[in-house]
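What follows is a short report on a single structure.
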Amino acid sequence: QVQLVESGGGLVQPGGSLRLSCTTSGSTLNDYAVIWIRQAPGEEREGVSCISGNDGSTKYSDSVKGRFTISRDNAKNTVYLQMNSLKPEDTAIYYCAMRAFEPRLCGLVTYEYDYFGQGTQVTVSS
């Protein structure tokens with residue numbers, strides 16, 4: 001069973017930045033796709049960014065493209081989400097997730113992912 005752990009959330013003013021981290025205990029992220037998914041109160045889950053386990057290619061939702069950057073550090077067994085130019089509408093709980101079927105494939109469809117961390121809260125407010 002994959003156990004994912006997110007960290008790095010917090011309260012930030014509009015226009016500010018945060019970097020989220022995702023790692024695992026007892027297993028590896030290396031060579032597997034990882035997605036960042038967010039969910040705001042009363043809203044559906046949104047896949048915001050993923051990184052492929054095949055070639056490191058990335059995808060972004062239109063709502064974050066140009067502001068967020070996903071990356072991985074295999075030596076640290078960690079995937080990051082650098083979030084810049086944050087807006088109040090970015091406020092949500094952010095989860096990292098992995099998939100059981102085609103585990104190296106990067107896609108933004110959230111129901112294709114099976115293993116989730118506990119989430120980290122990001123609040124953008126003045």
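Chain labels follow the order of the structure tokens: the first chain is A, the next B, and so on; residue numbering restarts at 1 in every chain, and ligands are counted from 1 in their shown order.
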
Could you give me, as a Markdown table, every stretch 13-113 of chain A residue with an atom at most 9 Å from stretch 1-6 of chain A, plus its closest atom pair and distance in Å to one decimal, counting only C-alpha atoms, rows ordered by chain then number?
| residue | atom | partner | partner_atom | distance |
| --- | --- | --- | --- | --- |
| A:Leu20 | CA | A:Glu6 | CA | 7.0 |
| A:Ser21 | CA | A:Glu6 | CA | 5.5 |
| A:Cys22 | CA | A:Glu6 | CA | 4.5 |
| A:Thr23 | CA | A:Val5 | CA | 5.4 |
| A:Thr24 | CA | A:Leu4 | CA | 4.5 |
| A:Ser25 | CA | A:Gln3 | CA | 5.8 |
| A:Gly26 | CA | A:Gln3 | CA | 7.6 |
| A:Ser27 | CA | A:Val2 | CA | 6.6 |
| A:Thr28 | CA | A:Val2 | CA | 8.6 |
| A:Tyr94 | CA | A:Glu6 | CA | 8.1 |
| A:Tyr95 | CA | A:Glu6 | CA | 6.8 |
| A:Cys96 | CA | A:Glu6 | CA | 6.7 |
| A:Ala97 | CA | A:Leu4 | CA | 7.2 |
| A:Met98 | CA | A:Val2 | CA | 8.3 |

I need the chosen residues saved as an mmCIF file, in the first residue's frame, with C-alpha atoms.
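So result_29.cif came out as:
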data_model
loop_
_atom_site.group_PDB
_atom_site.id
_atom_site.type_symbol
_atom_site.label_atom_id
_atom_site.label_comp_id
_atom_site.auth_asym_id
_atom_site.auth_seq_id
_atom_site.Cartn_x
_atom_site.Cartn_y
_atom_site.Cartn_z
ATOM 1 C CA LEU A 20 4.283 21.893 -1.759
ATOM 2 C CA SER A 21 6.129 18.613 -1.276
ATOM 3 C CA CYS A 22 4.953 15.030 -1.696
ATOM 4 C CA THR A 23 6.871 12.004 -0.539
ATOM 5 C CA THR A 24 6.182 8.416 0.454
ATOM 6 C CA SER A 25 6.953 6.199 3.388
ATOM 7 C CA GLY A 26 8.086 2.696 2.643
ATOM 8 C CA SER A 27 7.971 3.000 -1.145
ATOM 9 C CA THR A 28 9.234 5.145 -3.990
ATOM 10 C CA TYR A 94 -4.028 19.981 -2.105
ATOM 11 C CA TYR A 95 -3.415 16.253 -2.415
ATOM 12 C CA CYS A 96 -0.762 14.296 -4.215
ATOM 13 C CA ALA A 97 -1.797 10.979 -5.673
ATOM 14 C CA MET A 98 -0.580 7.973 -7.621
#

Would you kindly return, as an MDAnalysis selection string, each protein, DNA or RNA residue with an atom no farther than 12 Å from any atom of stretch 8-12 of chain A, considering only C-alpha atoms and excluding same-chain residues fewer than 3 positions away?
chainID A and resid 5 15:23 38 79:88 90:95 119:126

Please, could you write that set of residues out with N, CA and C atoms as a compact mmCIF listing (two decimals), in the first residue's frame?
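Once everything was written out, this is result.txt:
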# COMPACT_ATOMS: atom_id res chain seq x y z
N VAL A 5 2.61 11.51 1.62
CA VAL A 5 2.60 12.55 2.64
C VAL A 5 2.87 13.89 1.97
N GLY A 15 -0.75 36.88 -4.77
CA GLY A 15 0.51 37.22 -5.42
C GLY A 15 1.71 36.51 -4.84
N GLY A 16 1.52 35.86 -3.71
CA GLY A 16 2.62 35.16 -3.06
C GLY A 16 2.89 33.79 -3.64
N SER A 17 3.82 33.09 -2.99
CA SER A 17 4.25 31.78 -3.48
C SER A 17 4.28 30.77 -2.33
N LEU A 18 4.11 29.51 -2.71
CA LEU A 18 4.29 28.38 -1.80
C LEU A 18 4.88 27.24 -2.60
N ARG A 19 5.59 26.36 -1.91
CA ARG A 19 6.07 25.14 -2.54
C ARG A 19 5.57 23.95 -1.73
N LEU A 20 4.79 23.10 -2.38
CA LEU A 20 4.28 21.89 -1.76
C LEU A 20 5.22 20.73 -2.06
N SER A 21 5.30 19.80 -1.11
CA SER A 21 6.13 18.61 -1.28
C SER A 21 5.28 17.37 -1.08
N CYS A 22 5.64 16.32 -1.79
CA CYS A 22 4.95 15.03 -1.70
C CYS A 22 6.02 13.94 -1.65
N THR A 23 5.95 13.12 -0.63
CA THR A 23 6.87 12.00 -0.54
C THR A 23 6.12 10.77 -0.05
N ARG A 38 -6.53 19.26 -6.26
CA ARG A 38 -7.02 20.16 -5.21
C ARG A 38 -8.54 20.08 -5.13
N VAL A 79 8.24 14.82 -4.91
CA VAL A 79 7.67 15.60 -6.00
C VAL A 79 7.22 16.94 -5.42
N TYR A 80 7.53 18.00 -6.13
CA TYR A 80 7.21 19.35 -5.67
C TYR A 80 6.15 19.99 -6.56
N LEU A 81 5.42 20.94 -5.98
CA LEU A 81 4.56 21.82 -6.75
C LEU A 81 4.89 23.25 -6.32
N GLN A 82 5.59 23.96 -7.18
CA GLN A 82 5.92 25.36 -6.93
C GLN A 82 4.74 26.20 -7.42
N MET A 83 4.17 26.96 -6.53
CA MET A 83 2.99 27.76 -6.85
C MET A 83 3.34 29.23 -6.71
N ASN A 84 3.29 29.95 -7.80
CA ASN A 84 3.58 31.38 -7.82
C ASN A 84 2.34 32.17 -8.22
N SER A 85 2.38 33.47 -7.97
CA SER A 85 1.27 34.36 -8.33
C SER A 85 -0.06 33.80 -7.85
N LEU A 86 -0.09 33.41 -6.61
CA LEU A 86 -1.28 32.75 -6.07
C LEU A 86 -2.46 33.70 -6.01
N LYS A 87 -3.63 33.13 -6.23
CA LYS A 87 -4.89 33.87 -6.25
C LYS A 87 -5.82 33.31 -5.18
N PRO A 88 -6.78 34.08 -4.72
CA PRO A 88 -7.74 33.55 -3.75
C PRO A 88 -8.44 32.28 -4.24
N ASP A 90 -7.18 29.87 -5.69
CA ASP A 90 -6.31 28.72 -5.51
C ASP A 90 -6.50 28.09 -4.12
N THR A 91 -7.27 28.72 -3.27
CA THR A 91 -7.51 28.19 -1.94
C THR A 91 -8.20 26.83 -2.01
N ALA A 92 -7.61 25.84 -1.39
CA ALA A 92 -8.12 24.46 -1.44
C ALA A 92 -7.23 23.57 -0.59
N ILE A 93 -7.69 22.35 -0.39
CA ILE A 93 -6.80 21.31 0.12
C ILE A 93 -6.12 20.67 -1.09
N TYR A 94 -4.81 20.55 -1.00
CA TYR A 94 -4.03 19.98 -2.11
C TYR A 94 -3.56 18.58 -1.73
N TYR A 95 -3.80 17.64 -2.62
CA TYR A 95 -3.41 16.25 -2.41
C TYR A 95 -2.46 15.82 -3.52
N GLY A 119 -3.46 15.34 2.47
CA GLY A 119 -3.72 16.68 1.99
C GLY A 119 -3.05 17.76 2.83
N THR A 120 -2.84 18.90 2.20
CA THR A 120 -2.30 20.06 2.89
C THR A 120 -3.12 21.29 2.46
N GLN A 121 -3.48 22.10 3.45
CA GLN A 121 -4.35 23.24 3.18
C GLN A 121 -3.55 24.41 2.64
N VAL A 122 -4.03 24.99 1.56
CA VAL A 122 -3.49 26.22 1.01
C VAL A 122 -4.58 27.28 1.06
N THR A 123 -4.30 28.38 1.72
CA THR A 123 -5.25 29.48 1.83
C THR A 123 -4.59 30.75 1.30
N VAL A 124 -5.23 31.35 0.31
CA VAL A 124 -4.72 32.59 -0.28
C VAL A 124 -5.70 33.70 0.09
N SER A 125 -5.23 34.59 0.94
CA SER A 125 -6.11 35.64 1.45
C SER A 125 -5.29 36.80 1.97
N SER A 126 -5.86 37.99 1.84
CA SER A 126 -5.20 39.17 2.41
C SER A 126 -5.73 39.46 3.81

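Of the residues listed (A:Gly66, A:Gly107, A:Pro14, A:Gly117), A:Gly107 shows the shortest atom-to-atom separation from A:Ser49; distances use only C-alpha atoms.
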
Residue contacts of A:Val48 (6 Å, only C-alpha atoms) excluding same-chain residues fewer than 4 positions away, as a ChimeraX atom specification:
/A:36-37,60-61

Atom CA of A:Arg99 to atom CA of A:Ala33 measures 7.5 Å

By how many Å are atom CA of A:Ala75 and atom CA of A:Ser57 apart?
18.2 Å

Please return, as a VMD selection string, all residues of stretch 24-77 of chain A that DSSP assigns to strand (DSSP E or B) on the basis of the backbone.
chain A and resid 24 34 to 39 46 to 51 58 to 60 68 to 73

With distances taken over only C-alpha atoms, which residue among A:Lys76, A:Arg45, A:Gly56, A:Ser63 lies nearest A:Val109?
A:Arg45
